[in-house]
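Input: a single structure, listed below in structure tokens.
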Amino acid sequence: MQFDRQAGVFAHITALPGPHGIGDLGPGARNFLEWLETANQSVWQFCPLGPTAGIHDDSPYQSYSAFAGNPLIISLDDLVADGYLTNEDLKPVPDFSPHEVAYDAVREYKHDRLRIAAKRLQESVGGINIHADTDTTASSGVNDDIAVDVTVTLGDSVDPSQNISTHNQTSIDATAFKSFYRRESHWLTDYALFMALRTSYDGAWTDWPESIQHRDPDALSDQYESLDSEVIYHLIIQFIFDQQWQSLQAAATDRDITLVGDLPIYVALDSADVWATPDVFQLTKDNEPAVVAGVPPSDGDDGQRWGNPVYDWEHLRETEYNWWLHRLDRLFTLVDITRIDHFKGFDAYYAIPVDSDTPAAGEWHSVPGYDFFETIREHIGSLPFVVEDLGFIDQALHDLREHFNFPGMRVPHYADWCHEGNMYQPMHYPAQSVAYSSTHDTNTIVGYYDSLSHSQRDCLHYNLGVDGSEINWSIIDAVWRSDAQIGFTTLQDILGLDSHARFNEPGTASGNWQWRCTDSGLDDDLARRLAGLTIEHVRD
């Protein structure tokens, strides 16, 4: 897909300023949109939005669901404004650091407040009832085990015969909830029950009783009945997330700012996705992965064993990629464009035997990538993707990307500055690419520059015509000057921060995803400087 020449900032929601220990969908995000407008930026990119887990260091790439939103980024301030919390409910607010997210402390603080808000919202709509009918087959094509009807009953003060424009907030909330449920029911009740069961059994679904693991209809019906209040809580929390996200989307649209999401190719084993749709994945009869995902060794490394279950592409093709269509339908209700993580996995996947700790033991297997993307294009009408094609770039991947005209990624951190014509030097970026000063997985510009050898620094200075005194702005300028369709930078790079502000270091198990920008970091002078570069290089 061809994008206009433009510029933007990569900043995950959690990294934004805010009073409750983590960036959220409220005033801090709206202020960031205002700052982006001042900086003449037209694109905002962020990491996946799904619910995160402490056991995975709260990585947005290891989520409990490929469809659900992260409750931690729901704005408590907006819940106060909507009348579901009071200012007194927010007290006492812990002394959260404005510089980094302490996920466990945030989770503990927000948990009780979200419970209060969910209870009040449920009361405001007159109650939510769950009915599990084991005699009815779900028709979504995603989960054919059990159908669950969710009924929203309006409060006594509402006359349902009134025109919607005259309804009070109770009626509006009830109508919005029913609309949300109808639109998202194909994943929503499975996710809500999954989260309720995780709390009930205090562990991964692969350790639950066999009848629930294997989704016996009678067992599931019993669980819906016994855990109904917890299931309803998770339904409401997803509704709140959706409402707040729609509000943020509208604010972005008002400022002509495009939202760019992120699509991790794989999902976590301990997720509602694998539990609810096991046929989509290569699992054994005991619901264990038959093989797991990763990448093979290459020059300078031993490869990686990610541990995610891999897809059963034969089953997906036979079902016309229905699971993926639902996943992308949900994603594109949230964002305008999405980055595909590990694009190579749509050309071929690397499968490692589950009992092997050595990535070298794996093998490549083909994927019907052309058929898949043609099906997606027919369903969506376009292919608004940016593809992460770093790492294993071979002819097959190149051909797949070129066939669908997907822009690939270019990041100067991977450049050999002393090799003439190196593809990661900004002056050689093709138009059909998206360029980044750095990414969530790389060091910051300053941290990267500090790590370079003297010879690489000298070659960088020569190639870019700079002296290194403001290396962050020199690299941003080079990315903006390049032919790439979209240029991205990060808040850390705009602020000139070193490796202490790195967002994530792949291969490490802790200390990631924590960095936050402060209110003072969204500086108007920096915004105006970025705006000047954007105008100079015709990206406005």
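Residues are referred to by chain and number: the chain letter is A, B, ... according to the order shown in the structure tokens, the number counts from 1 in that chain, and ligands are numbered separately from 1 in the order shown.
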I'd like to know which residues of segment 325-535 of chain A are helix (DSSP H, G or I) (by DSSP, run on the backbone); could you write them as a PyMOL selection string?
chain A and resi 325-334+343-346+359-361+369-380+395-403+412-414+426-428+445-451+454-464+471-481+491-495+499-501+519-521+524-535
Mind giving me the straight-line distance from atom CA of Ala39 of chain A to atom CA of Leu530 of chain A in Å, one decimal?
5.5 Å
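Remark: for Ala176 of chain A, the closest of the candidate residues A:Glu34, A:Glu210, A:Asp242, A:Glu230 is A:Asp242 (distances computed over only C-alpha atoms).
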So how far away is atom CA of Asp222 of chain A from atom CA of Gly127 of chain A, in Å?
20.4 Å
Non-local contacts of segment 264-277 of chain A (6 Å; only C-alpha atoms; under 2 positions in same chain excluded) as a PDB file with N, CA and C atoms, in the first residue's frame:
```
ATOM      1  N   GLN A  62       3.287 -10.478  24.780  1.00  0.00           N
ATOM      2  CA  GLN A  62       2.890 -11.749  25.404  1.00  0.00           C
ATOM      3  C   GLN A  62       1.599 -11.493  26.173  1.00  0.00           C
ATOM      4  N   TYR A  64      -2.662 -11.965  27.145  1.00  0.00           N
ATOM      5  CA  TYR A  64      -3.703 -12.952  27.409  1.00  0.00           C
ATOM      6  C   TYR A  64      -4.721 -13.018  26.273  1.00  0.00           C
ATOM      7  N   SER A  65      -4.691 -12.062  25.360  1.00  0.00           N
ATOM      8  CA  SER A  65      -5.662 -12.052  24.267  1.00  0.00           C
ATOM      9  C   SER A  65      -5.162 -11.203  23.115  1.00  0.00           C
ATOM     10  N   TYR A 191     -13.042 -14.743  26.270  1.00  0.00           N
ATOM     11  CA  TYR A 191     -11.995 -14.028  27.003  1.00  0.00           C
ATOM     12  C   TYR A 191     -12.412 -13.782  28.450  1.00  0.00           C
ATOM     13  N   PHE A 194     -12.256 -16.954  30.346  1.00  0.00           N
ATOM     14  CA  PHE A 194     -10.846 -17.322  30.502  1.00  0.00           C
ATOM     15  C   PHE A 194     -10.210 -16.573  31.669  1.00  0.00           C
ATOM     16  N   ALA A 204      -2.227 -21.228  34.655  1.00  0.00           N
ATOM     17  CA  ALA A 204      -2.416 -21.325  33.211  1.00  0.00           C
ATOM     18  C   ALA A 204      -3.512 -22.335  32.883  1.00  0.00           C
ATOM     19  N   ASP A 279      -7.881 -25.543  17.572  1.00  0.00           N
ATOM     20  CA  ASP A 279      -7.686 -26.080  16.229  1.00  0.00           C
ATOM     21  C   ASP A 279      -6.853 -25.156  15.347  1.00  0.00           C
ATOM     22  N   VAL A 280      -6.755 -23.897  15.730  1.00  0.00           N
ATOM     23  CA  VAL A 280      -5.980 -22.928  14.947  1.00  0.00           C
ATOM     24  C   VAL A 280      -4.479 -23.167  15.110  1.00  0.00           C
ATOM     25  N   ASN A 308       6.208 -19.780  21.691  1.00  0.00           N
ATOM     26  CA  ASN A 308       4.802 -19.637  21.308  1.00  0.00           C
ATOM     27  C   ASN A 308       4.348 -20.836  20.483  1.00  0.00           C
ATOM     28  N   ASP A 341       4.574  -7.612  12.882  1.00  0.00           N
ATOM     29  CA  ASP A 341       5.806  -8.063  13.520  1.00  0.00           C
ATOM     30  C   ASP A 341       6.206  -9.416  12.928  1.00  0.00           C
TER      31      ASP A 341
END
```
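Residue neighbourhood of Thr333 of chain A, excluding near-sequence residues (fewer than 4 positions): Gln246, Leu328 and Asp329 of chain A, at 9 Å, using only C-alpha atoms.
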All residues 9 Å or closer to Arg113 of chain A, only C-alpha atoms, same chain fewer than 2 positions away omitted, as a PyMOL selection string
chain A and resi 76+85+89-90+109-111+115-118
Produce a file of the selected residues containing all heavy atoms, as a PDB file, in the first residue's frame.
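Written output follows (result27.pdb):
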```
ATOM      1  N   LEU A  76      -8.565   6.312  34.896  1.00  0.00           N
ATOM      2  CA  LEU A  76      -9.402   6.529  36.074  1.00  0.00           C
ATOM      3  C   LEU A  76      -9.976   7.938  36.071  1.00  0.00           C
ATOM      4  O   LEU A  76     -11.109   8.162  36.518  1.00  0.00           O
ATOM      5  CB  LEU A  76      -8.591   6.282  37.346  1.00  0.00           C
ATOM      6  CG  LEU A  76      -7.986   4.881  37.522  1.00  0.00           C
ATOM      7  CD1 LEU A  76      -7.293   4.767  38.868  1.00  0.00           C
ATOM      8  CD2 LEU A  76      -9.042   3.789  37.370  1.00  0.00           C
ATOM      9  N   LEU A  85     -16.594   6.782  38.978  1.00  0.00           N
ATOM     10  CA  LEU A  85     -15.735   6.911  40.147  1.00  0.00           C
ATOM     11  C   LEU A  85     -15.875   8.333  40.673  1.00  0.00           C
ATOM     12  O   LEU A  85     -16.294   9.244  39.951  1.00  0.00           O
ATOM     13  CB  LEU A  85     -14.264   6.636  39.796  1.00  0.00           C
ATOM     14  CG  LEU A  85     -13.853   5.203  39.448  1.00  0.00           C
ATOM     15  CD1 LEU A  85     -12.384   5.171  39.029  1.00  0.00           C
ATOM     16  CD2 LEU A  85     -14.096   4.253  40.615  1.00  0.00           C
ATOM     17  N   ASP A  89     -12.771   8.145  45.546  1.00  0.00           N
ATOM     18  CA  ASP A  89     -12.443   6.749  45.227  1.00  0.00           C
ATOM     19  C   ASP A  89     -10.976   6.589  44.843  1.00  0.00           C
ATOM     20  O   ASP A  89     -10.393   5.514  45.029  1.00  0.00           O
ATOM     21  CB  ASP A  89     -13.307   6.253  44.063  1.00  0.00           C
ATOM     22  CG  ASP A  89     -14.769   6.088  44.440  1.00  0.00           C
ATOM     23  OD1 ASP A  89     -15.044   5.764  45.608  1.00  0.00           O
ATOM     24  OD2 ASP A  89     -15.627   6.290  43.553  1.00  0.00           O
ATOM     25  N   LEU A  90     -10.392   7.642  44.284  1.00  0.00           N
ATOM     26  CA  LEU A  90      -9.007   7.550  43.810  1.00  0.00           C
ATOM     27  C   LEU A  90      -7.992   7.631  44.949  1.00  0.00           C
ATOM     28  O   LEU A  90      -6.821   7.285  44.762  1.00  0.00           O
ATOM     29  CB  LEU A  90      -8.714   8.657  42.796  1.00  0.00           C
ATOM     30  CG  LEU A  90      -9.603   8.710  41.549  1.00  0.00           C
ATOM     31  CD1 LEU A  90      -9.085   9.766  40.584  1.00  0.00           C
ATOM     32  CD2 LEU A  90      -9.677   7.354  40.870  1.00  0.00           C
ATOM     33  N   TYR A 109      -3.194  -0.956  42.624  1.00  0.00           N
ATOM     34  CA  TYR A 109      -3.945   0.279  42.821  1.00  0.00           C
ATOM     35  C   TYR A 109      -5.186   0.328  41.929  1.00  0.00           C
ATOM     36  O   TYR A 109      -6.288   0.659  42.382  1.00  0.00           O
ATOM     37  CB  TYR A 109      -3.049   1.484  42.544  1.00  0.00           C
ATOM     38  CG  TYR A 109      -3.782   2.808  42.535  1.00  0.00           C
ATOM     39  CD1 TYR A 109      -4.262   3.360  43.717  1.00  0.00           C
ATOM     40  CD2 TYR A 109      -4.006   3.486  41.343  1.00  0.00           C
ATOM     41  CE1 TYR A 109      -4.950   4.573  43.709  1.00  0.00           C
ATOM     42  CE2 TYR A 109      -4.687   4.695  41.321  1.00  0.00           C
ATOM     43  CZ  TYR A 109      -5.160   5.231  42.512  1.00  0.00           C
ATOM     44  OH  TYR A 109      -5.847   6.422  42.499  1.00  0.00           O
ATOM     45  N   LYS A 110      -5.022  -0.007  40.663  1.00  0.00           N
ATOM     46  CA  LYS A 110      -6.132   0.129  39.724  1.00  0.00           C
ATOM     47  C   LYS A 110      -7.190  -0.952  39.909  1.00  0.00           C
ATOM     48  O   LYS A 110      -8.368  -0.736  39.592  1.00  0.00           O
ATOM     49  CB  LYS A 110      -5.609   0.116  38.282  1.00  0.00           C
ATOM     50  CG  LYS A 110      -5.000   1.449  37.852  1.00  0.00           C
ATOM     51  CD  LYS A 110      -4.973   1.582  36.341  1.00  0.00           C
ATOM     52  CE  LYS A 110      -4.747   3.019  35.908  1.00  0.00           C
ATOM     53  NZ  LYS A 110      -4.812   3.199  34.455  1.00  0.00           N
ATOM     54  N   HIS A 111      -6.801  -2.109  40.394  1.00  0.00           N
ATOM     55  CA  HIS A 111      -7.732  -3.229  40.503  1.00  0.00           C
ATOM     56  C   HIS A 111      -8.987  -2.846  41.278  1.00  0.00           C
ATOM     57  O   HIS A 111     -10.125  -3.024  40.795  1.00  0.00           O
ATOM     58  CB  HIS A 111      -7.032  -4.419  41.171  1.00  0.00           C
ATOM     59  CG  HIS A 111      -7.922  -5.594  41.414  1.00  0.00           C
ATOM     60  ND1 HIS A 111      -8.640  -5.751  42.579  1.00  0.00           N
ATOM     61  CD2 HIS A 111      -8.214  -6.667  40.649  1.00  0.00           C
ATOM     62  CE1 HIS A 111      -9.335  -6.872  42.519  1.00  0.00           C
ATOM     63  NE2 HIS A 111      -9.104  -7.451  41.359  1.00  0.00           N
ATOM     64  N   ARG A 115     -12.903  -2.226  39.878  1.00  0.00           N
ATOM     65  CA  ARG A 115     -14.015  -3.018  40.425  1.00  0.00           C
ATOM     66  C   ARG A 115     -15.183  -2.100  40.822  1.00  0.00           C
ATOM     67  O   ARG A 115     -16.345  -2.407  40.544  1.00  0.00           O
ATOM     68  CB  ARG A 115     -13.545  -3.808  41.651  1.00  0.00           C
ATOM     69  CG  ARG A 115     -12.552  -4.901  41.359  1.00  0.00           C
ATOM     70  CD  ARG A 115     -13.233  -6.177  40.967  1.00  0.00           C
ATOM     71  NE  ARG A 115     -12.267  -7.179  40.524  1.00  0.00           N
ATOM     72  CZ  ARG A 115     -12.590  -8.374  40.082  1.00  0.00           C
ATOM     73  NH1 ARG A 115     -13.864  -8.734  40.028  1.00  0.00           N
ATOM     74  NH2 ARG A 115     -11.677  -9.225  39.672  1.00  0.00           N
ATOM     75  N   ILE A 116     -14.850  -1.008  41.451  1.00  0.00           N
ATOM     76  CA  ILE A 116     -15.898  -0.057  41.862  1.00  0.00           C
ATOM     77  C   ILE A 116     -16.611   0.498  40.627  1.00  0.00           C
ATOM     78  O   ILE A 116     -17.843   0.551  40.565  1.00  0.00           O
ATOM     79  CB  ILE A 116     -15.285   1.090  42.690  1.00  0.00           C
ATOM     80  CG1 ILE A 116     -14.751   0.557  44.029  1.00  0.00           C
ATOM     81  CG2 ILE A 116     -16.320   2.197  42.923  1.00  0.00           C
ATOM     82  CD1 ILE A 116     -13.910   1.572  44.793  1.00  0.00           C
ATOM     83  N   ALA A 117     -15.828   0.905  39.637  1.00  0.00           N
ATOM     84  CA  ALA A 117     -16.413   1.494  38.424  1.00  0.00           C
ATOM     85  C   ALA A 117     -17.286   0.477  37.695  1.00  0.00           C
ATOM     86  O   ALA A 117     -18.377   0.811  37.216  1.00  0.00           O
ATOM     87  CB  ALA A 117     -15.309   2.001  37.504  1.00  0.00           C
ATOM     88  N   ALA A 118     -16.810  -0.762  37.599  1.00  0.00           N
ATOM     89  CA  ALA A 118     -17.582  -1.793  36.902  1.00  0.00           C
ATOM     90  C   ALA A 118     -18.903  -2.058  37.617  1.00  0.00           C
ATOM     91  O   ALA A 118     -19.948  -2.236  36.974  1.00  0.00           O
ATOM     92  CB  ALA A 118     -16.767  -3.072  36.796  1.00  0.00           C
TER      93      ALA A 118
END
```
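Residue-level DSSP output for segment 141-313 of chain A, from the backbone, shows strand (DSSP E) at A:Ala147, A:Val148, A:Asp149, A:Val150, A:Thr151, A:Val152, A:Thr258, A:Leu259, A:Val260, A:Gly261, A:Asp262, A:Leu263, A:Val291, A:Val292, A:Ala293, A:Gly294, A:Val295, A:Gln304, A:Arg305, A:Trp306, A:Gly307, A:Asn308, A:Pro309.
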Given the selection you just returned, output its residues as a file containing N, CA, C and O atoms, formatted as a CSV table (one decimal), in the first residue's frame.
```csv
chain,number,residue,atom,x,y,z
A,147,ALA,N,-22.7,-21.4,22.9
A,147,ALA,CA,-23.2,-20.1,22.6
A,147,ALA,C,-23.6,-19.4,23.9
A,147,ALA,O,-24.2,-20.1,24.8
A,148,VAL,N,-23.3,-18.2,24.1
A,148,VAL,CA,-23.6,-17.5,25.3
A,148,VAL,C,-24.3,-16.2,25.0
A,148,VAL,O,-23.8,-15.4,24.2
A,149,ASP,N,-25.5,-16.0,25.4
A,149,ASP,CA,-26.3,-14.8,25.2
A,149,ASP,C,-26.1,-13.9,26.4
A,149,ASP,O,-26.3,-14.3,27.5
A,150,VAL,N,-25.8,-12.6,26.1
A,150,VAL,CA,-25.6,-11.6,27.2
A,150,VAL,C,-26.8,-10.6,27.0
A,150,VAL,O,-27.0,-10.1,26.0
A,151,THR,N,-27.6,-10.5,28.1
A,151,THR,CA,-28.7,-9.6,28.1
A,151,THR,C,-28.5,-8.4,29.0
A,151,THR,O,-28.0,-8.6,30.1
A,152,VAL,N,-28.7,-7.2,28.4
A,152,VAL,CA,-28.6,-6.0,29.2
A,152,VAL,C,-30.0,-5.4,29.5
A,152,VAL,O,-30.7,-5.2,28.6
A,258,THR,N,-3.0,9.9,12.3
A,258,THR,CA,-3.3,8.5,11.9
A,258,THR,C,-2.7,7.6,13.1
A,258,THR,O,-1.6,7.8,13.5
A,259,LEU,N,-3.5,6.6,13.5
A,259,LEU,CA,-3.0,5.7,14.5
A,259,LEU,C,-2.5,4.4,13.9
A,259,LEU,O,-3.1,3.8,13.0
A,260,VAL,N,-1.3,4.0,14.3
A,260,VAL,CA,-0.6,2.8,13.8
A,260,VAL,C,-0.4,1.8,14.9
A,260,VAL,O,0.3,2.1,15.9
A,261,GLY,N,-1.0,0.7,14.8
A,261,GLY,CA,-1.0,-0.4,15.8
A,261,GLY,C,0.1,-1.4,15.4
A,261,GLY,O,1.0,-1.2,14.5
A,262,ASP,N,0.1,-2.5,16.2
A,262,ASP,CA,1.2,-3.5,16.0
A,262,ASP,C,0.5,-4.9,16.1
A,262,ASP,O,-0.3,-5.1,17.0
A,263,LEU,N,0.9,-5.7,15.2
A,263,LEU,CA,0.3,-7.1,15.1
A,263,LEU,C,1.4,-8.1,15.3
A,263,LEU,O,2.1,-8.5,14.4
A,291,VAL,N,5.1,-28.2,18.5
A,291,VAL,CA,6.3,-27.5,18.2
A,291,VAL,C,6.1,-26.1,18.7
A,291,VAL,O,5.0,-25.6,18.9
A,292,VAL,N,7.2,-25.3,18.8
A,292,VAL,CA,7.1,-23.9,19.2
A,292,VAL,C,7.9,-23.0,18.3
A,292,VAL,O,8.8,-23.5,17.5
A,293,ALA,N,7.6,-21.8,18.3
A,293,ALA,CA,8.1,-20.8,17.4
A,293,ALA,C,9.5,-20.3,17.8
A,293,ALA,O,9.8,-20.4,19.0
A,294,GLY,N,10.2,-19.8,16.9
A,294,GLY,CA,11.5,-19.2,17.2
A,294,GLY,C,12.2,-18.8,15.9
A,294,GLY,O,11.6,-18.8,14.8
A,295,VAL,N,13.5,-18.6,16.0
A,295,VAL,CA,14.3,-18.3,14.8
A,295,VAL,C,15.6,-19.0,14.9
A,295,VAL,O,16.1,-19.3,16.0
A,304,GLN,N,16.9,-18.0,18.6
A,304,GLN,CA,16.0,-17.8,19.7
A,304,GLN,C,14.8,-18.8,19.7
A,304,GLN,O,14.3,-19.2,18.7
A,305,ARG,N,14.5,-19.2,20.9
A,305,ARG,CA,13.4,-20.1,21.1
A,305,ARG,C,12.3,-19.3,21.8
A,305,ARG,O,12.4,-19.1,23.0
A,306,TRP,N,11.3,-18.9,21.1
A,306,TRP,CA,10.3,-18.0,21.7
A,306,TRP,C,9.3,-18.8,22.5
A,306,TRP,O,8.7,-18.2,23.5
A,307,GLY,N,8.9,-20.0,22.2
A,307,GLY,CA,8.0,-20.8,23.0
A,307,GLY,C,6.6,-20.7,22.6
A,307,GLY,O,5.7,-21.4,23.2
A,308,ASN,N,6.2,-19.8,21.7
A,308,ASN,CA,4.8,-19.6,21.3
A,308,ASN,C,4.3,-20.8,20.5
A,308,ASN,O,5.1,-21.4,19.7
A,309,PRO,N,3.1,-21.2,20.6
A,309,PRO,CA,2.6,-22.3,19.7
A,309,PRO,C,2.5,-21.7,18.3
A,309,PRO,O,2.3,-20.5,18.1
```
Excluding Asp371 of chain A and any residue of its chain fewer than 4 positions from it, enumerate the residues within 12 Å of it, using only C-alpha atoms, and give them as a PyMOL selection string.
chain A and resi 313-314+316-318+320-321+346-347+367+375-378+400+403-404
Output for the residues just chosen: N, CA and C atoms as a compact mmCIF listing (two decimals), in the first residue's frame:
```txt
# COMPACT_ATOMS: atom_id res chain seq x y z
N TRP A 313 -1.47 -23.98 9.65
CA TRP A 313 -1.81 -23.22 8.45
C TRP A 313 -2.71 -24.01 7.51
N GLU A 314 -2.63 -25.34 7.55
CA GLU A 314 -3.53 -26.14 6.73
C GLU A 314 -4.97 -25.95 7.20
N LEU A 316 -6.10 -23.36 8.92
CA LEU A 316 -6.47 -21.97 8.65
C LEU A 316 -6.90 -21.79 7.21
N ARG A 317 -6.18 -22.42 6.30
CA ARG A 317 -6.54 -22.28 4.88
C ARG A 317 -7.88 -22.94 4.60
N GLU A 318 -8.11 -24.10 5.20
CA GLU A 318 -9.37 -24.81 4.99
C GLU A 318 -10.56 -24.01 5.51
N GLU A 320 -10.68 -20.78 5.51
CA GLU A 320 -10.60 -19.47 4.85
C GLU A 320 -10.08 -18.39 5.79
N TYR A 321 -9.15 -18.78 6.67
CA TYR A 321 -8.46 -17.86 7.57
C TYR A 321 -9.44 -17.10 8.47
N PHE A 346 4.93 -15.04 7.70
CA PHE A 346 3.86 -15.20 6.73
C PHE A 346 4.39 -15.76 5.40
N ASP A 347 5.69 -15.96 5.33
CA ASP A 347 6.31 -16.64 4.19
C ASP A 347 6.69 -18.07 4.59
N VAL A 367 4.36 -21.34 4.37
CA VAL A 367 3.09 -20.74 4.76
C VAL A 367 2.41 -20.25 3.48
N THR A 375 -6.73 -13.15 0.52
CA THR A 375 -7.98 -13.30 1.26
C THR A 375 -8.23 -12.09 2.15
N ILE A 376 -7.17 -11.61 2.79
CA ILE A 376 -7.29 -10.42 3.65
C ILE A 376 -7.69 -9.21 2.82
N ARG A 377 -7.07 -9.04 1.67
CA ARG A 377 -7.38 -7.89 0.82
C ARG A 377 -8.84 -7.93 0.35
N GLU A 378 -9.30 -9.12 -0.01
CA GLU A 378 -10.68 -9.26 -0.45
C GLU A 378 -11.65 -8.93 0.69
N LEU A 400 7.45 -11.75 -1.57
CA LEU A 400 6.13 -11.62 -0.95
C LEU A 400 5.83 -10.16 -0.62
N HIS A 403 5.30 -8.21 -3.91
CA HIS A 403 4.06 -8.58 -4.60
C HIS A 403 2.88 -7.76 -4.08
N PHE A 404 2.86 -7.53 -2.77
CA PHE A 404 1.74 -6.80 -2.16
C PHE A 404 2.08 -5.33 -1.89
```
